[in-house]
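Below is one structure, written out as C-alpha cells; comments come after it.
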Amino acid sequence: MLARRFQSFLQQDYAIGILLFIAAALAMLCANTPFVQYYDLLFSTPVRFTVGPLDIHKPLLLWINDGLMAIFFLLIGLEVKQEVLDGELSSPAQVMLPGIGAIGGMVVPALIYAAFNYTDPIAIKGWAIPAATDIAFAVGILALLGKRVPASLKIFLLALAIIDDLGAIVIIALFYTEELSLASIGIGAGLLAILALFNYRGISKTSPYLFVGTLLWICVLKSGVHATLAGVLLAFTIPLKAVDRKGRSPLKALQHQLHSKVNYLILPIFAFANAGLVLNAEQIKSLANPVPLGIVAGLFLGKQIGVFSFCWVAIKTGLAKLPTGAGWMHMYGLSTLCGIGFTMSLFIASLAFESVPDYIVSDRIGVLTGSILSAVMGFAILYWAGRKKA
C-alpha cells in the first residue's frame with residue numbers, strides 16, 4: 001500500500017519540486033548540525049578513474065557537477081531539439097512570446113546583479129547566476145495550483161524555461177570556459193563528426209551514440225570547455241524521425257528513459273550536494289553584501305520585471321498574444337515564479353566562483369533567498385488570480 005502511494009506521488013507534476021525541496025532541506029540540516037563533518041567529508045572524497053594514460057581525478061562534488069549534470073543537460077538538449085523540430089518551438093508564432101519573455105528574464109536580472117557588483121572583478125563573474133530559471137521547481141509549484149491556472153500557462157512556462165536553459169548553455173560555453181586544450185578540442189570535434197555520421201546514416205540504436213558521447217564528454221572535460229556541454233552536443237545528434245526495431249523514435253525513447261532518472265535522482269543529488277549552507281547570524285548579515293544582494297534582487301525583482309515587461313511590450317505591439325485563458329495577473333504571477341533559480345543558479349554559481357570558496361558560500365544564501373521569495377509570491381499571485389477568476 002505504501003509503495004503504491006509513493007508511486008502515485010511520483011507521477012504528480014509537483015513531486016519533482018517537493019523532492020528538490022526535501023533534498024535542499026536535508027543539506028541545510030546536515031550543514032547546521034554535527035553531521036556537517038560527514039557531509040563535507042562525503043563530497044570532498046577523491047574519486048579517480050584511470051585507463052592507461054587517461055587519468056580523471058576529482059572530488060565527489062565535481063563528479064556530480066561535471067558528470068551527473070552532463071546527463072541533465074543531455075535531457076535538456078533532447079527536449080530543446082524535440083520542441084524546435086516538432087513541438088512548442090517549431091513555428092515563429094509559438095516561440096515569439098516565451099522567447100521574448102526569456103530574453104527579458106535573462107537580461108534584466110543580469111543587469112541588476114551587475115549594478116551591485118560592477119566594481120568587484122571577482123564578484124562580477126557571477127552576473128549570470130540570477131539569469132537562470134529552475135524548470136522543475138517552477139512547474140512543480142504551478143502543478144500545486146491545479147485548475148486555478150489555465151493549461152496554456154504551463155505550456156508557456158515550459159517553452160520559456162527551455163529557451164532560458166538554452167541561453168544558460170550558451171552563457172556557460174562562452175563565459176565559463178577555462179584555458180583551452182586544442183588537442184582535446186580536435187579529438188572532440190572528430191567524435192562529434194562521428195555522431196553526426198550516425199545520425200546521417202539513420203542509426204536508430206542509442207547505444208553507439210551513448211558510447212561515443214561518453215568519449216566526447218571526456219574530451220570536453222579535458223578541453224577546458226565545461227563538460228556538461230557534451231550532453232547538449234550529444235543530444236543534438238540523436239535522431240528524432242528515425243525509428244528503432246520497436247517503432248520508437250530514438251530521441252523520444254532516450255528522453256523517456258532519462259526523465260525519471262534525472263528528475264528523481266540526479267537533480268535531488270545535485271541539490272543535496274550544493275545546497276548545504278551554514279545558517280548563523282553572520283550568514284544572515286551577509287545578505288546585505290553585494291553578491292548575495294545582487295542575486296536576490298536579480299532573481300526576485302529582475303525576473304518578474306524582465307519577463308513581464310518584455311511580454312507586455314510584445315503583446316501591446318501585436319508581436320504576440322496572451323496565452324489562451326490567461327490574464328495579466330496570471331502573467332505577472334508566472335513572471336515572478338520564473339525567479340526560482342535554485343539548481344541552475346547554484347550550478348552557474350559553482351562555475352563562476354569555483355576557485356573562491358567565500359563567494360560560493362555567500363551566493364548560496366542569495367540563490368536560496370531569492371528563489372524562496374519568488375516561489376512564495378508567485379504562488380500567492382497565481383492563487384489569487386485563479387480565485388478571482390472563479
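Identifiers in this document derive from the order of the C-alpha cells: chains are assigned A, B, ..., residues are numbered from 1 separately in each chain, and ligands are numbered from 1 in order of occurrence.
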What lies within 7 Å of Leu160 of chain A using only C-alpha atoms, ignoring chain neighbours under 6 positions off, as a list in words? Pro98, Gly99, Gly101 and Ala102 of chain A
Mind writing the picked residues with N, CA and C atoms as a short mmCIF file (atom, residue, chain, number, x, y, z; two decimals), in the first residue's frame?
data_model
loop_
_atom_site.label_atom_id
_atom_site.label_comp_id
_atom_site.auth_asym_id
_atom_site.auth_seq_id
_atom_site.Cartn_x
_atom_site.Cartn_y
_atom_site.Cartn_z
N PRO A 98 7.16 33.31 -25.46
CA PRO A 98 8.12 32.78 -24.48
C PRO A 98 9.56 33.15 -24.80
N GLY A 99 9.89 33.30 -26.09
CA GLY A 99 11.24 33.70 -26.47
C GLY A 99 11.56 35.11 -26.00
N GLY A 101 9.97 36.73 -23.60
CA GLY A 101 9.96 36.70 -22.14
C GLY A 101 11.26 36.15 -21.57
N ALA A 102 11.81 35.11 -22.22
CA ALA A 102 13.06 34.51 -21.75
C ALA A 102 14.22 35.49 -21.88
#
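You will find atom CA of Ala320 of chain A at 25.8 Å from atom CA of Ala136 of chain A.
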Step one, run DSSP on the backbone; step two, keep only residues of segment 216-294 of chain A assigned to alpha helix (DSSP H); then write them as a PyMOL selection string. chain A and resi 216-223+229-237+250-261+267-274+281-285+290-294
Can I get the selection written as a CSV table (one decimal), in the first residue's frame, with N, CA and C atoms?
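Dumped to result.csv:
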chain,number,residue,atom,x,y,z
A,216,LEU,N,33.2,11.7,-25.9
A,216,LEU,CA,33.1,13.2,-26.2
A,216,LEU,C,33.1,13.9,-24.8
A,217,TRP,N,32.4,13.4,-23.8
A,217,TRP,CA,32.4,14.0,-22.5
A,217,TRP,C,33.8,14.1,-21.9
A,218,ILE,N,34.6,13.1,-22.1
A,218,ILE,CA,35.9,13.1,-21.6
A,218,ILE,C,36.8,14.1,-22.3
A,219,CYS,N,36.6,14.2,-23.6
A,219,CYS,CA,37.4,15.2,-24.4
A,219,CYS,C,37.0,16.6,-24.0
A,220,VAL,N,35.7,16.9,-23.8
A,220,VAL,CA,35.2,18.2,-23.4
A,220,VAL,C,35.7,18.5,-22.0
A,221,LEU,N,35.7,17.5,-21.1
A,221,LEU,CA,36.2,17.7,-19.7
A,221,LEU,C,37.7,18.1,-19.8
A,222,LYS,N,38.5,17.5,-20.6
A,222,LYS,CA,39.9,17.8,-20.7
A,222,LYS,C,40.2,19.0,-21.5
A,223,SER,N,39.2,19.5,-22.3
A,223,SER,CA,39.5,20.6,-23.2
A,223,SER,C,39.5,22.0,-22.5
A,229,LEU,N,28.5,20.6,-21.4
A,229,LEU,CA,28.1,20.9,-22.8
A,229,LEU,C,28.2,19.7,-23.7
A,230,ALA,N,28.9,18.7,-23.3
A,230,ALA,CA,29.0,17.4,-24.1
A,230,ALA,C,27.6,16.8,-24.2
A,231,GLY,N,26.8,16.9,-23.1
A,231,GLY,CA,25.5,16.4,-23.1
A,231,GLY,C,24.6,17.0,-24.1
A,232,VAL,N,24.7,18.3,-24.2
A,232,VAL,CA,23.9,19.1,-25.2
A,232,VAL,C,24.3,18.7,-26.6
A,233,LEU,N,25.6,18.6,-26.9
A,233,LEU,CA,26.1,18.3,-28.2
A,233,LEU,C,25.6,16.9,-28.6
A,234,LEU,N,25.7,16.0,-27.7
A,234,LEU,CA,25.2,14.6,-27.9
A,234,LEU,C,23.7,14.6,-28.2
A,235,ALA,N,23.0,15.3,-27.5
A,235,ALA,CA,21.5,15.4,-27.7
A,235,ALA,C,21.1,15.8,-29.1
A,236,PHE,N,21.9,16.8,-29.6
A,236,PHE,CA,21.5,17.4,-30.9
A,236,PHE,C,21.8,16.4,-32.0
A,237,THR,N,22.6,15.3,-31.8
A,237,THR,CA,22.8,14.3,-32.8
A,237,THR,C,21.9,13.1,-32.8
A,250,PRO,N,14.3,7.2,-31.5
A,250,PRO,CA,15.4,7.1,-30.6
A,250,PRO,C,15.5,8.3,-29.6
A,251,LEU,N,15.2,9.5,-30.1
A,251,LEU,CA,15.2,10.7,-29.2
A,251,LEU,C,14.2,10.6,-28.1
A,252,LYS,N,12.9,10.2,-28.5
A,252,LYS,CA,11.8,10.2,-27.5
A,252,LYS,C,12.1,9.0,-26.6
A,253,ALA,N,12.6,7.9,-27.1
A,253,ALA,CA,12.9,6.7,-26.2
A,253,ALA,C,13.9,7.1,-25.2
A,254,LEU,N,15.0,7.7,-25.6
A,254,LEU,CA,16.1,8.1,-24.6
A,254,LEU,C,15.6,9.2,-23.7
A,255,GLN,N,14.8,10.1,-24.2
A,255,GLN,CA,14.2,11.1,-23.3
A,255,GLN,C,13.3,10.5,-22.2
A,256,HIS,N,12.5,9.5,-22.6
A,256,HIS,CA,11.7,8.7,-21.7
A,256,HIS,C,12.5,8.0,-20.6
A,257,GLN,N,13.6,7.4,-21.1
A,257,GLN,CA,14.5,6.6,-20.1
A,257,GLN,C,15.2,7.6,-19.1
A,258,LEU,N,15.5,8.8,-19.6
A,258,LEU,CA,16.3,9.7,-18.7
A,258,LEU,C,15.4,10.5,-17.8
A,259,HIS,N,14.2,10.7,-18.2
A,259,HIS,CA,13.3,11.7,-17.5
A,259,HIS,C,13.2,11.4,-16.0
A,260,SER,N,12.8,10.2,-15.6
A,260,SER,CA,12.7,9.9,-14.2
A,260,SER,C,14.0,9.8,-13.5
A,261,LYS,N,15.1,9.3,-14.2
A,261,LYS,CA,16.4,9.3,-13.5
A,261,LYS,C,16.9,10.7,-13.2
A,267,LEU,N,18.9,15.4,-10.1
A,267,LEU,CA,18.6,16.7,-9.5
A,267,LEU,C,18.6,16.8,-8.0
A,268,PRO,N,17.9,15.8,-7.3
A,268,PRO,CA,17.9,15.8,-5.9
A,268,PRO,C,19.4,15.6,-5.3
A,269,ILE,N,20.2,14.7,-6.0
A,269,ILE,CA,21.6,14.5,-5.6
A,269,ILE,C,22.3,15.9,-5.7
A,270,PHE,N,22.1,16.5,-6.8
A,270,PHE,CA,22.8,17.8,-7.0
A,270,PHE,C,22.4,18.8,-6.0
A,271,ALA,N,21.1,18.9,-5.7
A,271,ALA,CA,20.6,19.8,-4.7
A,271,ALA,C,21.2,19.5,-3.3
A,272,PHE,N,21.2,18.2,-3.0
A,272,PHE,CA,21.8,17.8,-1.7
A,272,PHE,C,23.3,18.2,-1.6
A,273,ALA,N,24.0,18.0,-2.7
A,273,ALA,CA,25.4,18.3,-2.7
A,273,ALA,C,25.8,19.8,-2.7
A,274,ASN,N,24.9,20.6,-3.2
A,274,ASN,CA,25.2,22.0,-3.4
A,274,ASN,C,24.5,23.0,-2.5
A,281,ALA,N,24.0,34.0,12.4
A,281,ALA,CA,23.8,35.5,12.4
A,281,ALA,C,24.7,36.1,11.3
A,282,GLU,N,25.9,35.6,11.2
A,282,GLU,CA,26.9,36.1,10.3
A,282,GLU,C,26.4,36.0,8.8
A,283,GLN,N,25.9,34.8,8.5
A,283,GLN,CA,25.4,34.5,7.2
A,283,GLN,C,24.2,35.3,6.9
A,284,ILE,N,23.3,35.5,7.8
A,284,ILE,CA,22.1,36.4,7.6
A,284,ILE,C,22.5,37.8,7.3
A,285,LYS,N,23.5,38.3,8.1
A,285,LYS,CA,24.1,39.6,7.8
A,285,LYS,C,24.7,39.8,6.4
A,290,PRO,N,27.2,42.8,-1.5
A,290,PRO,CA,26.8,43.0,-2.9
A,290,PRO,C,26.5,41.7,-3.7
A,291,VAL,N,27.2,40.6,-3.4
A,291,VAL,CA,27.0,39.3,-4.2
A,291,VAL,C,25.6,38.7,-3.9
A,292,PRO,N,25.3,38.4,-2.6
A,292,PRO,CA,24.0,37.8,-2.3
A,292,PRO,C,22.9,38.8,-2.6
A,293,LEU,N,23.1,40.1,-2.3
A,293,LEU,CA,22.1,41.1,-2.5
A,293,LEU,C,21.8,41.2,-4.0
A,294,GLY,N,22.8,41.2,-4.9
A,294,GLY,CA,22.6,41.2,-6.3
A,294,GLY,C,21.9,40.0,-6.8
Would you mind listing what lies within 6 Å of segment 365-374 of chain A as JSON, numbers by chain, with only C-alpha atoms counted and same-chain residues fewer than 6 positions away left out? {"A": [292, 295, 296, 299, 300, 336, 337, 339, 340, 341]}
Keeping only all heavy atoms, take the residues you just selected and write them out as a CSV table (one decimal), in the first residue's frame.
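Wrote it out as part.csv, contents follow:
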chain,number,residue,atom,x,y,z
A,292,PRO,N,25.3,38.4,-2.6
A,292,PRO,CA,24.0,37.8,-2.3
A,292,PRO,C,22.9,38.8,-2.6
A,292,PRO,O,21.8,38.4,-3.1
A,292,PRO,CB,24.1,37.4,-0.9
A,292,PRO,CG,25.2,38.1,-0.3
A,292,PRO,CD,26.2,38.4,-1.4
A,295,ILE,N,22.1,38.8,-6.2
A,295,ILE,CA,21.4,37.6,-6.7
A,295,ILE,C,20.0,37.7,-6.3
A,295,ILE,O,19.1,37.3,-7.1
A,295,ILE,CB,22.1,36.4,-6.1
A,295,ILE,CG1,23.5,36.2,-6.6
A,295,ILE,CG2,21.3,35.1,-6.3
A,295,ILE,CD1,24.4,35.1,-6.0
A,296,VAL,N,19.7,38.1,-5.0
A,296,VAL,CA,18.3,38.2,-4.5
A,296,VAL,C,17.5,39.2,-5.4
A,296,VAL,O,16.4,38.9,-5.8
A,296,VAL,CB,18.3,38.6,-3.0
A,296,VAL,CG1,16.8,38.8,-2.6
A,296,VAL,CG2,18.9,37.5,-2.2
A,299,LEU,N,17.0,37.7,-9.0
A,299,LEU,CA,16.0,36.6,-9.1
A,299,LEU,C,14.6,37.2,-8.7
A,299,LEU,O,13.7,36.9,-9.5
A,299,LEU,CB,16.4,35.5,-8.1
A,299,LEU,CG,17.5,34.6,-8.5
A,299,LEU,CD1,17.9,33.6,-7.4
A,299,LEU,CD2,17.2,33.8,-9.8
A,300,PHE,N,14.5,37.9,-7.6
A,300,PHE,CA,13.2,38.2,-7.1
A,300,PHE,C,12.6,39.4,-7.9
A,300,PHE,O,11.4,39.4,-8.3
A,300,PHE,CB,13.2,38.5,-5.6
A,300,PHE,CG,11.9,38.9,-5.1
A,300,PHE,CD1,10.8,38.0,-5.2
A,300,PHE,CD2,11.7,40.1,-4.4
A,300,PHE,CE1,9.6,38.4,-4.6
A,300,PHE,CE2,10.5,40.4,-3.9
A,300,PHE,CZ,9.4,39.6,-4.0
A,336,THR,N,6.9,36.1,-11.9
A,336,THR,CA,7.5,36.1,-10.5
A,336,THR,C,8.0,34.7,-10.2
A,336,THR,O,9.1,34.5,-9.7
A,336,THR,CB,6.5,36.5,-9.5
A,336,THR,OG1,5.9,37.8,-9.8
A,336,THR,CG2,7.1,36.6,-8.1
A,337,LEU,N,7.3,33.7,-10.6
A,337,LEU,CA,7.6,32.3,-10.4
A,337,LEU,C,8.9,31.9,-11.2
A,337,LEU,O,9.7,31.1,-10.7
A,337,LEU,CB,6.5,31.4,-10.9
A,337,LEU,CG,6.3,30.0,-10.2
A,337,LEU,CD1,6.0,30.3,-8.7
A,337,LEU,CD2,5.1,29.3,-10.9
A,339,GLY,N,11.5,33.5,-11.1
A,339,GLY,CA,12.6,33.9,-10.3
A,339,GLY,C,13.2,32.8,-9.4
A,339,GLY,O,14.1,33.0,-8.6
A,340,ILE,N,12.6,31.6,-9.5
A,340,ILE,CA,13.1,30.4,-8.8
A,340,ILE,C,14.3,29.9,-9.6
A,340,ILE,O,14.2,29.3,-10.6
A,340,ILE,CB,12.1,29.3,-8.7
A,340,ILE,CG1,10.8,29.8,-8.0
A,340,ILE,CG2,12.6,28.1,-7.9
A,340,ILE,CD1,9.6,28.8,-8.0
A,341,GLY,N,15.5,30.3,-9.1
A,341,GLY,CA,16.7,29.9,-9.8
A,341,GLY,C,17.2,28.5,-9.4
A,341,GLY,O,17.4,27.6,-10.2
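Between atom CA of Ile162 of chain A and atom CA of Ala138 of chain A lies a distance of 12.2 Å.
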Using 12 Å as the limit and counting only C-alpha atoms, can you tabulate each residue of segment 136-214 of chain A that touches segment 126-130 of chain A, with its shortest atom-to-atom distance in Å and the two atoms involved, as a tab-separated table?
residue	atom	partner	partner_atom	distance
A:Asp164	CA	A:Pro130	CA	11.4
A:Asp165	CA	A:Ala128	CA	11.9
A:Gly167	CA	A:Ala128	CA	10.1
A:Ala168	CA	A:Ala128	CA	8.0
A:Ile169	CA	A:Ala128	CA	11.0
A:Val170	CA	A:Ala128	CA	11.0
A:Ile171	CA	A:Ala128	CA	7.6
A:Ile172	CA	A:Ala128	CA	8.9
A:Leu174	CA	A:Ala128	CA	11.5
A:Phe175	CA	A:Ala128	CA	9.3
A:Tyr176	CA	A:Gly126	CA	10.0
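Between atom CA of Ile163 of chain A and atom CA of Ala132 of chain A the interatomic distance comes to 10.3 Å.
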Go through segment 4-244 of chain A and collect every residue that DSSP, computed from the backbone, puts in strand (DSSP E); the answer should be as an mmCIF file with N, CA, C and O atoms, in the first residue's frame.
data_model
loop_
_atom_site.group_PDB
_atom_site.id
_atom_site.type_symbol
_atom_site.label_atom_id
_atom_site.label_comp_id
_atom_site.auth_asym_id
_atom_site.auth_seq_id
_atom_site.Cartn_x
_atom_site.Cartn_y
_atom_site.Cartn_z
ATOM 1 N N PRO A 46 37.952 11.989 -2.693
ATOM 2 C CA PRO A 46 38.519 11.920 -4.052
ATOM 3 C C PRO A 46 38.074 10.651 -4.775
ATOM 4 O O PRO A 46 38.067 9.568 -4.191
ATOM 5 N N VAL A 47 37.689 10.806 -6.020
ATOM 6 C CA VAL A 47 37.295 9.670 -6.864
ATOM 7 C C VAL A 47 38.167 9.718 -8.109
ATOM 8 O O VAL A 47 38.223 10.746 -8.798
ATOM 9 N N ARG A 48 38.830 8.585 -8.403
ATOM 10 C CA ARG A 48 39.792 8.567 -9.509
ATOM 11 C C ARG A 48 39.397 7.506 -10.531
ATOM 12 O O ARG A 48 39.009 6.395 -10.182
ATOM 13 N N PHE A 49 39.491 7.891 -11.812
ATOM 14 C CA PHE A 49 39.241 6.968 -12.918
ATOM 15 C C PHE A 49 40.473 6.987 -13.820
ATOM 16 O O PHE A 49 40.835 8.030 -14.360
ATOM 17 N N THR A 50 41.121 5.821 -13.951
ATOM 18 C CA THR A 50 42.367 5.751 -14.722
ATOM 19 C C THR A 50 42.309 4.588 -15.701
ATOM 20 O O THR A 50 42.012 3.448 -15.304
ATOM 21 N N VAL A 51 42.572 4.881 -16.971
ATOM 22 C CA VAL A 51 42.710 3.855 -18.003
ATOM 23 C C VAL A 51 43.919 4.240 -18.846
ATOM 24 O O VAL A 51 43.868 5.196 -19.630
ATOM 25 N N LEU A 54 44.971 7.920 -19.567
ATOM 26 C CA LEU A 54 43.829 8.757 -19.175
ATOM 27 C C LEU A 54 43.658 8.735 -17.661
ATOM 28 O O LEU A 54 43.511 7.663 -17.061
ATOM 29 N N ASP A 55 43.675 9.891 -17.032
ATOM 30 C CA ASP A 55 43.536 9.980 -15.578
ATOM 31 C C ASP A 55 42.596 11.129 -15.234
ATOM 32 O O ASP A 55 42.888 12.290 -15.515
ATOM 33 N N ILE A 56 41.446 10.788 -14.653
ATOM 34 C CA ILE A 56 40.488 11.801 -14.195
ATOM 35 C C ILE A 56 40.395 11.680 -12.680
ATOM 36 O O ILE A 56 39.971 10.648 -12.155
ATOM 37 N N HIS A 57 40.807 12.738 -11.986
ATOM 38 C CA HIS A 57 40.895 12.717 -10.523
ATOM 39 C C HIS A 57 40.183 13.942 -9.982
ATOM 40 O O HIS A 57 40.657 15.063 -10.135
ATOM 41 N N LYS A 58 39.014 13.718 -9.356
ATOM 42 C CA LYS A 58 38.206 14.839 -8.858
ATOM 43 C C LYS A 58 37.546 14.452 -7.543
ATOM 44 O O LYS A 58 37.296 13.267 -7.289
ATOM 45 N N PRO A 59 37.220 15.429 -6.683
ATOM 46 C CA PRO A 59 36.382 15.119 -5.521
ATOM 47 C C PRO A 59 34.969 14.767 -5.973
ATOM 48 O O PRO A 59 34.544 15.138 -7.076
#
As a ChimeraX atom specification, please: the residues near Val243 of chain A (cut-off 6 Å, only C-alpha atoms, same-chain neighbours under 5 positions excluded). /A:204,248-249
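Nearest-residue note for Val84 of chain A: choosing from A:Tyr118, A:Phe310, A:Ser345, A:Leu240, the minimum distance belongs to A:Leu240, counting only C-alpha atoms.
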Excluding Ile203 of chain A and its own-chain neighbours fewer than 5 positions away, which residues fall within 9 Å of it when counting only C-alpha atoms? Please give them as a PyMOL selection string. chain A and resi 197-198+208-209+239+242-244
Using only C-alpha atoms, which residues of segment 94-192 of chain A come within 8 Å of segment 376-384 of chain A, and what is the closest atom pair for each, with the distance in Å to one decimal? Give it as JSON lines, sorted by chain and residue number.
{"residue": "A:Ile141", "atom": "CA", "partner": "A:Phe379", "partner_atom": "CA", "distance": 6.9}
{"residue": "A:Leu142", "atom": "CA", "partner": "A:Phe379", "partner_atom": "CA", "distance": 7.5}
{"residue": "A:Leu145", "atom": "CA", "partner": "A:Tyr383", "partner_atom": "CA", "distance": 6.7}
{"residue": "A:Arg148", "atom": "CA", "partner": "A:Tyr383", "partner_atom": "CA", "distance": 6.6}
{"residue": "A:Val149", "atom": "CA", "partner": "A:Leu382", "partner_atom": "CA", "distance": 7.0}
